[in-house]
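Peer 1: Sharing my_file01.cif (mmCIF, C-alpha atoms) below.
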```cif
data_structure
#
loop_
_atom_site.group_PDB
_atom_site.id
_atom_site.type_symbol
_atom_site.label_atom_id
_atom_site.label_comp_id
_atom_site.auth_asym_id
_atom_site.auth_seq_id
_atom_site.Cartn_x
_atom_site.Cartn_y
_atom_site.Cartn_z
ATOM 1 C CA MET I 1 -16.803 43.404 -60.115
ATOM 2 C CA PHE I 2 -15.650 40.033 -58.925
ATOM 3 C CA TYR I 3 -13.874 39.206 -62.166
ATOM 4 C CA ARG I 4 -11.011 41.349 -60.972
ATOM 5 C CA SER I 5 -10.437 38.906 -58.128
ATOM 6 C CA LEU I 6 -9.007 36.461 -60.630
ATOM 7 C CA PHE I 7 -5.906 38.586 -60.894
ATOM 8 C CA PRO I 8 -5.280 39.961 -57.439
ATOM 9 C CA ARG I 9 -2.631 42.631 -57.424
ATOM 10 C CA ASP I 10 -2.529 43.200 -53.759
ATOM 11 C CA VAL I 11 -3.875 40.971 -51.015
ATOM 12 C CA PHE I 12 -4.647 43.910 -48.748
ATOM 13 C CA ALA I 13 -6.556 45.763 -51.406
ATOM 14 C CA GLU I 14 -8.465 42.577 -52.128
ATOM 15 C CA LEU I 15 -9.373 41.965 -48.489
ATOM 16 C CA ASP I 16 -10.340 45.552 -48.137
ATOM 17 C CA ARG I 17 -12.684 45.363 -51.064
ATOM 18 C CA ILE I 18 -14.343 42.277 -49.644
ATOM 19 C CA GLN I 19 -14.695 44.005 -46.302
ATOM 20 C CA ARG I 20 -16.112 47.059 -47.996
ATOM 21 C CA GLY I 21 -18.575 44.870 -49.841
ATOM 22 C CA LEU I 22 -19.762 43.396 -46.567
ATOM 23 C CA GLN I 23 -20.010 46.791 -44.927
ATOM 24 C CA GLN I 24 -22.037 48.204 -47.746
ATOM 25 C CA GLY I 25 -24.194 45.096 -47.886
ATOM 26 C CA GLY I 26 -26.292 46.444 -45.058
ATOM 27 C CA GLY I 27 -28.007 43.112 -44.500
ATOM 28 C CA ASP I 28 -30.289 43.314 -47.530
ATOM 29 C CA LEU I 29 -30.406 39.647 -48.406
ATOM 30 C CA SER I 30 -33.487 39.310 -50.564
ATOM 31 C CA PRO I 31 -32.259 38.719 -54.093
ATOM 32 C CA SER I 32 -34.041 40.329 -56.990
ATOM 33 C CA ILE I 33 -35.039 38.623 -60.222
ATOM 34 C CA ARG I 34 -32.430 40.757 -61.976
ATOM 35 C CA GLY I 35 -29.736 39.226 -59.825
ATOM 36 C CA SER I 36 -27.544 40.823 -57.268
ATOM 37 C CA ALA I 37 -26.319 43.910 -59.017
ATOM 38 C CA ARG I 38 -24.592 45.121 -55.893
ATOM 39 C CA GLY I 39 -21.073 46.117 -56.754
ATOM 40 C CA GLY I 40 -22.163 47.025 -60.276
ATOM 41 C CA TYR I 41 -21.580 50.405 -61.769
ATOM 42 C CA PRO I 42 -23.032 52.846 -61.026
ATOM 43 C CA ALA I 43 -23.832 52.184 -57.372
ATOM 44 C CA MET I 44 -27.423 53.103 -56.573
ATOM 45 C CA ASN I 45 -29.403 54.331 -53.640
ATOM 46 C CA VAL I 46 -33.182 54.366 -53.799
ATOM 47 C CA GLY I 47 -35.487 56.113 -51.373
ATOM 48 C CA SER I 48 -39.130 57.024 -51.239
ATOM 49 C CA THR I 49 -41.413 59.623 -49.794
ATOM 50 C CA ALA I 50 -45.176 59.764 -49.801
ATOM 51 C CA ARG I 51 -45.096 61.796 -53.017
ATOM 52 C CA SER I 52 -42.126 60.522 -54.968
ATOM 53 C CA VAL I 53 -39.478 57.887 -55.509
ATOM 54 C CA GLU I 54 -35.896 59.168 -55.563
ATOM 55 C CA ILE I 55 -33.121 57.274 -57.311
ATOM 56 C CA TYR I 56 -29.472 58.252 -56.948
ATOM 57 C CA ALA I 57 -26.941 56.659 -59.307
ATOM 58 C CA PHE I 58 -23.326 57.329 -58.349
ATOM 59 C CA ALA I 59 -21.792 57.716 -61.797
ATOM 60 C CA PRO I 60 -18.922 60.215 -61.599
ATOM 61 C CA GLY I 61 -17.055 61.629 -64.559
ATOM 62 C CA ILE I 62 -19.576 61.058 -67.304
ATOM 63 C CA ASP I 63 -20.392 63.334 -70.166
ATOM 64 C CA PRO I 64 -24.074 64.067 -69.413
ATOM 65 C CA THR I 65 -24.938 63.984 -73.125
ATOM 66 C CA THR I 66 -24.036 60.282 -73.265
ATOM 67 C CA LEU I 67 -26.322 59.389 -70.361
ATOM 68 C CA ASP I 68 -29.432 57.478 -71.314
ATOM 69 C CA VAL I 69 -32.177 57.404 -68.703
ATOM 70 C CA GLN I 70 -35.384 55.601 -69.623
ATOM 71 C CA LEU I 71 -38.544 54.755 -67.791
ATOM 72 C CA GLU I 72 -40.708 52.091 -69.350
ATOM 73 C CA LYS I 73 -43.465 50.073 -67.718
ATOM 74 C CA GLY I 74 -42.252 50.898 -64.250
ATOM 75 C CA VAL I 75 -38.668 49.893 -65.006
ATOM 76 C CA LEU I 76 -35.985 52.564 -64.875
ATOM 77 C CA THR I 77 -32.841 52.064 -66.936
ATOM 78 C CA ILE I 78 -29.702 54.169 -66.579
ATOM 79 C CA ALA I 79 -27.099 53.538 -69.258
ATOM 80 C CA GLY I 80 -24.029 55.285 -70.571
ATOM 81 C CA GLU I 81 -20.356 55.004 -71.131
ATOM 82 C CA ARG I 82 -17.359 56.116 -69.176
ATOM 83 C CA ALA I 83 -14.098 56.717 -70.976
ATOM 84 C CA SER I 84 -10.923 55.241 -69.559
ATOM 85 C CA VAL I 85 -8.242 57.620 -68.336
ATOM 86 C CA LEU I 86 -5.521 55.020 -68.541
ATOM 87 C CA PRO I 87 -2.746 55.566 -71.075
ATOM 88 C CA PRO I 88 -2.587 53.378 -74.184
ATOM 89 C CA LYS I 89 -0.510 50.226 -73.906
ATOM 90 C CA ASP I 90 2.433 51.589 -75.864
ATOM 91 C CA ALA I 91 2.667 54.852 -73.880
ATOM 92 C CA PRO I 92 5.738 55.344 -71.692
ATOM 93 C CA ALA I 93 3.684 55.268 -68.489
ATOM 94 C CA THR I 94 3.047 52.748 -65.729
ATOM 95 C CA VAL I 95 -0.369 51.989 -64.272
ATOM 96 C CA HIS I 96 0.084 51.306 -60.540
ATOM 97 C CA ILE I 97 -3.558 51.104 -59.468
ATOM 98 C CA ASP I 98 -6.514 50.426 -61.728
ATOM 99 C CA GLU I 99 -9.747 50.278 -59.727
ATOM 100 C CA ARG I 100 -12.067 52.725 -61.427
ATOM 101 C CA PHE I 101 -14.750 51.508 -63.781
ATOM 102 C CA SER I 102 -14.527 52.247 -67.476
ATOM 103 C CA GLY I 103 -16.604 51.227 -70.458
ATOM 104 C CA ARG I 104 -20.315 50.864 -71.080
ATOM 105 C CA PHE I 105 -22.726 50.391 -68.227
ATOM 106 C CA ARG I 106 -26.412 49.749 -67.756
ATOM 107 C CA ARG I 107 -28.407 49.373 -64.604
ATOM 108 C CA VAL I 108 -32.059 48.635 -64.213
ATOM 109 C CA VAL I 109 -34.358 49.185 -61.231
ATOM 110 C CA THR I 110 -37.976 48.244 -60.792
ATOM 111 C CA LEU I 111 -40.040 51.087 -59.413
ATOM 112 C CA PRO I 112 -43.209 50.800 -57.338
ATOM 113 C CA ASP I 113 -46.461 50.361 -59.285
ATOM 114 C CA ASP I 114 -47.887 53.747 -58.442
ATOM 115 C CA VAL I 115 -45.283 55.965 -60.102
ATOM 116 C CA ASP I 116 -46.354 58.447 -62.731
ATOM 117 C CA PRO I 117 -44.265 57.930 -65.896
ATOM 118 C CA ASN I 118 -45.083 61.460 -67.031
ATOM 119 C CA ALA I 119 -43.646 63.178 -63.978
ATOM 120 C CA VAL I 120 -39.964 62.299 -64.065
ATOM 121 C CA GLU I 121 -37.024 64.594 -63.558
ATOM 122 C CA ALA I 122 -33.355 63.716 -63.909
ATOM 123 C CA LEU I 123 -30.459 65.879 -62.816
ATOM 124 C CA TYR I 124 -26.717 65.239 -62.985
ATOM 125 C CA THR I 125 -24.727 67.015 -60.262
ATOM 126 C CA ASP I 126 -21.400 66.231 -58.585
ATOM 127 C CA GLY I 127 -21.259 62.930 -60.452
ATOM 128 C CA VAL I 128 -24.630 61.674 -59.251
ATOM 129 C CA VAL I 129 -27.633 61.069 -61.494
ATOM 130 C CA HIS I 130 -30.662 61.960 -59.409
ATOM 131 C CA VAL I 131 -33.943 60.746 -60.858
ATOM 132 C CA SER I 132 -37.108 61.850 -59.131
ATOM 133 C CA VAL I 133 -40.360 60.128 -60.117
ATOM 134 C CA GLN I 134 -43.648 61.425 -58.740
ATOM 135 C CA ARG I 135 -46.227 58.991 -57.465
ATOM 136 C CA LYS I 136 -49.662 59.122 -59.086
ATOM 137 C CA ALA I 137 -51.891 61.684 -57.459
ATOM 138 C CA ALA I 138 -54.551 59.073 -56.684
ATOM 139 C CA SER I 139 -52.180 57.071 -54.525
ATOM 140 C CA GLN I 140 -50.817 59.954 -52.537
ATOM 141 C CA PRO I 141 -52.013 60.016 -48.955
ATOM 142 C CA ARG I 142 -55.018 62.239 -48.385
ATOM 143 C CA ARG I 143 -56.392 63.392 -45.140
ATOM 144 C CA ILE I 144 -60.036 62.407 -44.936
ATOM 145 C CA HIS I 145 -62.233 64.861 -43.229
ATOM 146 C CA VAL I 146 -64.354 63.326 -40.516
ATOM 147 C CA GLN I 147 -67.750 64.877 -40.330
ATOM 148 C CA MET J 148 3.635 54.827 -53.692
ATOM 149 C CA SER J 149 1.964 52.523 -51.204
ATOM 150 C CA ASP J 150 -1.579 52.543 -49.977
ATOM 151 C CA ASN J 151 -1.733 52.323 -46.234
ATOM 152 C CA ALA J 152 -5.447 52.880 -45.788
ATOM 153 C CA THR J 153 -5.942 49.145 -45.475
ATOM 154 C CA LEU J 154 -3.410 48.909 -42.694
ATOM 155 C CA ARG J 155 -4.982 51.672 -40.678
ATOM 156 C CA ARG J 156 -8.552 50.601 -40.795
ATOM 157 C CA PRO J 157 -8.543 47.814 -38.148
ATOM 158 C CA ALA J 158 -7.253 50.166 -35.457
ATOM 159 C CA GLN J 159 -9.848 52.777 -36.372
ATOM 160 C CA ALA J 160 -12.686 50.291 -36.323
ATOM 161 C CA ASP J 161 -11.987 49.515 -32.659
ATOM 162 C CA THR J 162 -11.576 52.995 -31.302
ATOM 163 C CA ALA J 163 -13.270 55.513 -33.566
ATOM 164 C CA PRO J 164 -17.009 56.149 -33.382
ATOM 165 C CA ARG J 165 -19.171 55.203 -36.311
ATOM 166 C CA ALA J 166 -19.347 58.782 -37.544
ATOM 167 C CA THR J 167 -15.751 58.632 -38.765
ATOM 168 C CA GLU J 168 -16.179 55.441 -40.771
ATOM 169 C CA ALA J 169 -15.620 56.126 -44.411
ATOM 170 C CA LEU J 170 -15.915 54.537 -47.817
ATOM 171 C CA GLN J 171 -12.734 53.962 -49.717
ATOM 172 C CA PRO J 172 -13.015 55.662 -53.099
ATOM 173 C CA PRO J 173 -11.693 53.696 -56.082
ATOM 174 C CA VAL J 174 -8.617 55.235 -57.693
ATOM 175 C CA ASP J 175 -6.436 54.943 -60.763
ATOM 176 C CA VAL J 176 -2.773 55.824 -60.406
ATOM 177 C CA VAL J 177 -0.605 56.361 -63.458
ATOM 178 C CA GLU J 178 3.069 57.257 -63.427
ATOM 179 C CA ASP J 179 4.999 58.802 -66.279
ATOM 180 C CA SER J 180 8.487 60.242 -66.438
ATOM 181 C CA ALA J 181 7.459 63.667 -65.080
ATOM 182 C CA GLY J 182 5.154 62.639 -62.253
ATOM 183 C CA ILE J 183 2.151 60.723 -60.996
ATOM 184 C CA THR J 184 -1.494 61.287 -61.863
ATOM 185 C CA LEU J 185 -4.157 60.051 -59.456
ATOM 186 C CA TYR J 186 -7.842 59.838 -60.339
ATOM 187 C CA ALA J 187 -10.371 59.222 -57.564
ATOM 188 C CA ASP J 188 -14.128 58.695 -57.781
ATOM 189 C CA LEU J 189 -15.965 60.752 -55.183
ATOM 190 C CA PRO J 190 -19.536 60.968 -56.481
ATOM 191 C CA GLY J 191 -21.926 63.113 -54.493
ATOM 192 C CA VAL J 192 -19.235 65.328 -52.995
ATOM 193 C CA PRO J 193 -19.646 69.056 -53.730
ATOM 194 C CA LYS J 194 -16.455 71.042 -54.246
ATOM 195 C CA ASP J 195 -16.589 72.710 -50.843
ATOM 196 C CA ARG J 196 -16.795 69.366 -49.017
ATOM 197 C CA LEU J 197 -13.659 67.925 -50.553
ATOM 198 C CA HIS J 198 -10.566 68.084 -48.383
ATOM 199 C CA LEU J 199 -7.056 67.307 -49.500
ATOM 200 C CA HIS J 200 -4.144 67.287 -47.097
ATOM 201 C CA VAL J 201 -0.504 66.737 -47.774
ATOM 202 C CA GLU J 202 1.436 66.395 -44.566
ATOM 203 C CA ALA J 203 5.043 65.242 -44.645
ATOM 204 C CA ASP J 204 4.792 62.255 -46.975
ATOM 205 C CA THR J 205 1.113 61.489 -46.399
ATOM 206 C CA LEU J 206 -1.624 62.426 -48.826
ATOM 207 C CA THR J 207 -5.163 62.296 -47.437
ATOM 208 C CA ILE J 208 -8.251 62.555 -49.608
ATOM 209 C CA GLU J 209 -11.503 63.160 -47.751
ATOM 210 C CA GLY J 210 -14.956 64.106 -48.903
ATOM 211 C CA GLU J 211 -18.463 64.295 -47.553
ATOM 212 C CA ILE J 212 -21.460 63.347 -49.633
ATOM 213 C CA ALA J 213 -24.264 65.891 -49.794
ATOM 214 C CA LEU J 214 -27.259 64.802 -51.841
ATOM 215 C CA PRO J 215 -30.418 66.799 -52.412
ATOM 216 C CA ALA J 216 -33.150 64.883 -50.603
ATOM 217 C CA PRO J 217 -36.818 65.792 -50.275
ATOM 218 C CA GLU J 218 -38.325 65.880 -46.818
ATOM 219 C CA GLY J 219 -39.311 62.543 -45.331
ATOM 220 C CA LEU J 220 -37.108 60.455 -47.613
ATOM 221 C CA GLU J 221 -36.874 56.872 -46.431
ATOM 222 C CA PRO J 222 -34.166 54.640 -47.864
ATOM 223 C CA ILE J 223 -35.386 51.521 -49.677
ATOM 224 C CA HIS J 224 -32.085 50.266 -51.016
ATOM 225 C CA SER J 225 -28.630 51.650 -50.405
ATOM 226 C CA GLU J 226 -25.341 50.619 -51.882
ATOM 227 C CA VAL J 227 -23.549 53.755 -50.793
ATOM 228 C CA GLY J 228 -24.140 53.295 -47.090
ATOM 229 C CA LEU J 229 -21.912 55.982 -45.620
ATOM 230 C CA ALA J 230 -21.735 59.671 -46.381
ATOM 231 C CA ARG J 231 -17.986 60.039 -46.233
ATOM 232 C CA TYR J 232 -14.985 59.005 -48.296
ATOM 233 C CA ARG J 233 -11.447 58.751 -47.046
ATOM 234 C CA ARG J 234 -8.245 57.357 -48.474
ATOM 235 C CA VAL J 235 -4.655 57.845 -47.391
ATOM 236 C CA PHE J 236 -1.546 57.388 -49.514
ATOM 237 C CA THR J 237 2.106 57.519 -48.635
ATOM 238 C CA LEU J 238 4.102 59.583 -51.094
ATOM 239 C CA SER J 239 7.671 58.789 -51.885
ATOM 240 C CA LYS J 240 10.396 61.393 -51.600
ATOM 241 C CA GLU J 241 11.031 61.906 -55.296
ATOM 242 C CA LEU J 242 7.530 63.407 -55.530
ATOM 243 C CA ASP J 243 7.152 67.141 -55.088
ATOM 244 C CA ALA J 244 4.318 67.502 -52.573
ATOM 245 C CA GLU J 245 4.576 71.301 -52.777
ATOM 246 C CA ARG J 246 3.429 71.407 -56.375
ATOM 247 C CA VAL J 247 0.378 69.131 -56.316
ATOM 248 C CA ALA J 248 -2.272 70.316 -58.746
ATOM 249 C CA ALA J 249 -5.879 69.285 -58.135
ATOM 250 C CA GLU J 250 -8.953 69.401 -60.305
ATOM 251 C CA PHE J 251 -12.429 68.256 -59.275
ATOM 252 C CA ALA J 252 -15.251 67.898 -61.748
ATOM 253 C CA GLN J 253 -18.446 65.801 -61.673
ATOM 254 C CA GLY J 254 -17.253 63.695 -58.760
ATOM 255 C CA VAL J 255 -13.845 62.865 -60.228
ATOM 256 C CA LEU J 256 -10.747 64.203 -58.529
ATOM 257 C CA THR J 257 -7.619 64.461 -60.669
ATOM 258 C CA LEU J 258 -4.360 65.021 -58.822
ATOM 259 C CA ARG J 259 -1.107 65.654 -60.580
ATOM 260 C CA ILE J 260 1.978 65.197 -58.415
ATOM 261 C CA PRO J 261 5.155 66.145 -60.279
ATOM 262 C CA LYS J 262 8.512 64.606 -59.515
ATOM 263 C CA VAL J 263 11.193 66.856 -58.097
ATOM 264 C CA GLU J 264 13.534 68.176 -60.766
ATOM 265 C CA HIS J 265 16.513 66.017 -59.936
ATOM 266 C CA ALA J 266 14.368 62.876 -59.974
ATOM 267 C CA GLN J 267 13.290 63.414 -63.576
ATOM 268 C CA PRO J 268 14.996 61.170 -66.065
ATOM 269 C CA ARG J 269 18.234 62.197 -67.658
ATOM 270 C CA ARG J 270 19.952 60.444 -70.442
ATOM 271 C CA ILE J 271 23.296 59.251 -69.195
ATOM 272 C CA ALA J 272 26.070 59.286 -71.737
ATOM 273 C CA VAL J 273 28.035 56.110 -71.812
ATOM 274 C CA GLN J 274 31.704 56.784 -72.296
ATOM 275 C CA VAL J 275 33.741 54.372 -74.253
ATOM 276 C CA GLY J 276 37.091 53.931 -72.531
#
```
Can you turn what I pasted into structure tokens?

Peer 2:
Amino acid sequence: MFYRSLFPRDVFAELDRIQRGLQQGGGDLSPSIRGSARGGYPAMNVGSTARSVEIYAFAPGIDPTTLDVQLEKGVLTIAGERASVLPPKDAPATVHIDERFSGRFRRVVTLPDDVDPNAVEALYTDGVVHVSVQRKAASQPRRIHVQ
Amino acid sequence: MSDNATLRRPAQADTAPRATEALQPPVDVVEDSAGITLYADLPGVPKDRLHLHVEADTLTIEGEIALPAPEGLEPIHSEVGLARYRRVFTLSKELDAERVAAEFAQGVLTLRIPKVEHAQPRRIAVQVG
């Protein structure tokens, strides 16, 4: 969310966020066709096993009924909306720090070709959307018996 | 209320082992006449792995991420690269650290820190001499 850098509130917080960005970068420098979504909301981790692809979207504080998870042609979309907790402008309250995301979000990930669109499970626990997509049976590793 | 996590990090980076490195959770802090409300995003932290400490005038928020992972999971892409959150705040003395109320639901921590009674606003009558 680099747009926030236009109005820095606190130089230390700003430097820290840049540092954090570098730390979390992890050296993954190959850009995707959908741009560098790093730093977008929700943050995502993707992992794979021989049988499935596991996607974790770190989206805390969302009403699960507003979450929209779709899988179409090997592209997974996670969308939803997060309400702001900040008081309205005319309220007698002061906002000292405003770092948390609010508003509508949408993130898209391309999945490997061999996933089975009919075997998807999504679970929302502790503020993380965990989507588990099975790989097609044909592409799962099989031990071949040697005669 | 000042945030001193940024000032502490350089010293920790030199001396502490990698295991104690932590992500800094984003927060919102709102103050009204009766106290301060802090919201922190700690996704992936179950309730029993969240630790809050108030010591003297220091508030520490710590949490460990525990995600369900099938056996043999290999990371392909990770944006959340550490399994721990930590953030430290310095409270000011008009806040009543004894009466902090905490709520933790779906990865969002809500802390309500009331002001001590005598620090709450009073209307001061202006006498006309």

Peer 1: Return as a PyMOL selection string the set of residues that the PyMOL selection byres ((chain I) within 6 of (chain J)) yields on the displayed structure.

Peer 2: chain I and resi 24+43-49+58+60-61+93-100+126-128

Peer 1: Could the residues in this selection be written to a file with C-alpha atoms, as a PDB file, in the coordinates of the input?

Peer 2:
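To be explicit, this is the file written out as again36.pdb:
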```
ATOM      1  CA  GLN I  24     -22.037  48.204 -47.746  1.00  0.00           C
ATOM      2  CA  ALA I  43     -23.832  52.184 -57.372  1.00  0.00           C
ATOM      3  CA  MET I  44     -27.423  53.103 -56.573  1.00  0.00           C
ATOM      4  CA  ASN I  45     -29.403  54.331 -53.640  1.00  0.00           C
ATOM      5  CA  VAL I  46     -33.182  54.366 -53.799  1.00  0.00           C
ATOM      6  CA  GLY I  47     -35.487  56.113 -51.373  1.00  0.00           C
ATOM      7  CA  SER I  48     -39.130  57.024 -51.239  1.00  0.00           C
ATOM      8  CA  THR I  49     -41.413  59.623 -49.794  1.00  0.00           C
ATOM      9  CA  PHE I  58     -23.326  57.329 -58.349  1.00  0.00           C
ATOM     10  CA  PRO I  60     -18.922  60.215 -61.599  1.00  0.00           C
ATOM     11  CA  GLY I  61     -17.055  61.629 -64.559  1.00  0.00           C
ATOM     12  CA  ALA I  93       3.684  55.268 -68.489  1.00  0.00           C
ATOM     13  CA  THR I  94       3.047  52.748 -65.729  1.00  0.00           C
ATOM     14  CA  VAL I  95      -0.369  51.989 -64.272  1.00  0.00           C
ATOM     15  CA  HIS I  96       0.084  51.306 -60.540  1.00  0.00           C
ATOM     16  CA  ILE I  97      -3.558  51.104 -59.468  1.00  0.00           C
ATOM     17  CA  ASP I  98      -6.514  50.426 -61.728  1.00  0.00           C
ATOM     18  CA  GLU I  99      -9.747  50.278 -59.727  1.00  0.00           C
ATOM     19  CA  ARG I 100     -12.067  52.725 -61.427  1.00  0.00           C
ATOM     20  CA  ASP I 126     -21.400  66.231 -58.585  1.00  0.00           C
ATOM     21  CA  GLY I 127     -21.259  62.930 -60.452  1.00  0.00           C
ATOM     22  CA  VAL I 128     -24.630  61.674 -59.251  1.00  0.00           C
TER      23      VAL I 128
END
```

Peer 1: Adding 5 Å on each side of the box along x, y and z that holds all listed atoms of segment 86-100 of chain I, could you give its centre and edge lengths in Å to one decimal, as AutoDock Vina command-line options?

Peer 2:
```
--center_x -3.2 --center_y 52.9 --center_z -67.7 --size_x 27.8 --size_y 15.3 --size_z 26.4
```

Peer 1: In Å, with one decimal, what is the gap from atom CA of Ala119 of chain I to atom CA of Ile55 of chain I?

Peer 2: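 Result for atom CA of Ala119 of chain I versus atom CA of Ile55 of chain I: 13.8 Å, one decimal.
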
Peer 1: Selected by the PyMOL selection byres ((chain I and resi 42) around 9) in the shown coordinates: which residues, as a tab-separated table (two decimals) with C-alpha atoms, in the coordinates of the input?

Peer 2:
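Final output, saved to part.tsv:
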```tsv
chain	number	residue	atom	x	y	z
I	39	GLY	CA	-21.07	46.12	-56.75
I	40	GLY	CA	-22.16	47.02	-60.28
I	41	TYR	CA	-21.58	50.40	-61.77
I	43	ALA	CA	-23.83	52.18	-57.37
I	44	MET	CA	-27.42	53.10	-56.57
I	57	ALA	CA	-26.94	56.66	-59.31
I	58	PHE	CA	-23.33	57.33	-58.35
I	59	ALA	CA	-21.79	57.72	-61.80
I	60	PRO	CA	-18.92	60.22	-61.60
I	78	ILE	CA	-29.70	54.17	-66.58
I	101	PHE	CA	-14.75	51.51	-63.78
I	105	PHE	CA	-22.73	50.39	-68.23
I	106	ARG	CA	-26.41	49.75	-67.76
I	107	ARG	CA	-28.41	49.37	-64.60
```

Peer 1: So that I can check the surroundings of Gly74 of chain I, please list as an MDAnalysis selection string every protein, DNA and RNA residue that reaches within 7 Å of it, counting all atoms listed in the file and ignoring chain neighbours fewer than 3 positions away.

Peer 2: chainID I and resid 71 110:113

Peer 1: N, CA and C atoms are needed for segment 113-135 of chain I; please write them out as a compact mmCIF listing (two decimals), keeping the file's coordinate frame.

Peer 2:
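Once written, result-v2.txt looks like this:
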```txt
# COMPACT_ATOMS: atom_id res chain seq x y z
N ASP I 113 -45.41 50.34 -58.26
CA ASP I 113 -46.46 50.36 -59.28
C ASP I 113 -47.13 51.73 -59.45
N ASP I 114 -47.09 52.52 -58.40
CA ASP I 114 -47.89 53.75 -58.44
C ASP I 114 -47.12 54.97 -58.95
N VAL I 115 -46.00 54.78 -59.62
CA VAL I 115 -45.28 55.96 -60.10
C VAL I 115 -45.93 56.49 -61.38
N ASP I 116 -45.77 57.79 -61.57
CA ASP I 116 -46.35 58.45 -62.73
C ASP I 116 -45.26 58.62 -63.79
N PRO I 117 -45.34 57.87 -64.89
CA PRO I 117 -44.26 57.93 -65.90
C PRO I 117 -44.15 59.30 -66.57
N ASN I 118 -45.14 60.14 -66.39
CA ASN I 118 -45.08 61.46 -67.03
C ASN I 118 -44.47 62.53 -66.14
N ALA I 119 -44.20 62.18 -64.90
CA ALA I 119 -43.65 63.18 -63.98
C ALA I 119 -42.29 62.71 -63.48
N VAL I 120 -41.32 62.74 -64.39
CA VAL I 120 -39.96 62.30 -64.06
C VAL I 120 -39.00 63.45 -64.29
N GLU I 121 -38.06 63.59 -63.38
CA GLU I 121 -37.02 64.59 -63.56
C GLU I 121 -35.69 63.94 -63.32
N ALA I 122 -34.70 64.27 -64.14
CA ALA I 122 -33.35 63.72 -63.91
C ALA I 122 -32.35 64.86 -63.92
N LEU I 123 -31.43 64.81 -62.98
CA LEU I 123 -30.46 65.88 -62.82
C LEU I 123 -29.09 65.25 -62.56
N TYR I 124 -28.06 65.77 -63.21
CA TYR I 124 -26.72 65.24 -62.98
C TYR I 124 -25.87 66.30 -62.29
N THR I 125 -25.58 66.07 -61.01
CA THR I 125 -24.73 67.02 -60.26
C THR I 125 -23.69 66.26 -59.45
N ASP I 126 -22.51 66.80 -59.37
CA ASP I 126 -21.40 66.23 -58.58
C ASP I 126 -21.22 64.74 -58.86
N GLY I 127 -21.47 64.33 -60.09
CA GLY I 127 -21.26 62.93 -60.45
C GLY I 127 -22.36 61.99 -60.02
N VAL I 128 -23.51 62.54 -59.65
CA VAL I 128 -24.63 61.67 -59.25
C VAL I 128 -25.84 61.97 -60.15
N VAL I 129 -26.40 60.90 -60.73
CA VAL I 129 -27.63 61.07 -61.49
C VAL I 129 -28.78 60.93 -60.50
N HIS I 130 -29.54 61.98 -60.35
CA HIS I 130 -30.66 61.96 -59.41
C HIS I 130 -31.95 61.96 -60.21
N VAL I 131 -32.67 60.85 -60.15
CA VAL I 131 -33.94 60.75 -60.86
C VAL I 131 -35.05 60.80 -59.83
N SER I 132 -35.99 61.69 -60.05
CA SER I 132 -37.11 61.85 -59.13
C SER I 132 -38.39 61.54 -59.90
N VAL I 133 -39.12 60.53 -59.45
CA VAL I 133 -40.36 60.13 -60.12
C VAL I 133 -41.51 60.37 -59.15
N GLN I 134 -42.49 61.15 -59.60
CA GLN I 134 -43.65 61.42 -58.74
C GLN I 134 -44.56 60.20 -58.68
N ARG I 135 -45.21 60.04 -57.55
CA ARG I 135 -46.23 58.99 -57.46
C ARG I 135 -47.52 59.54 -58.04
```
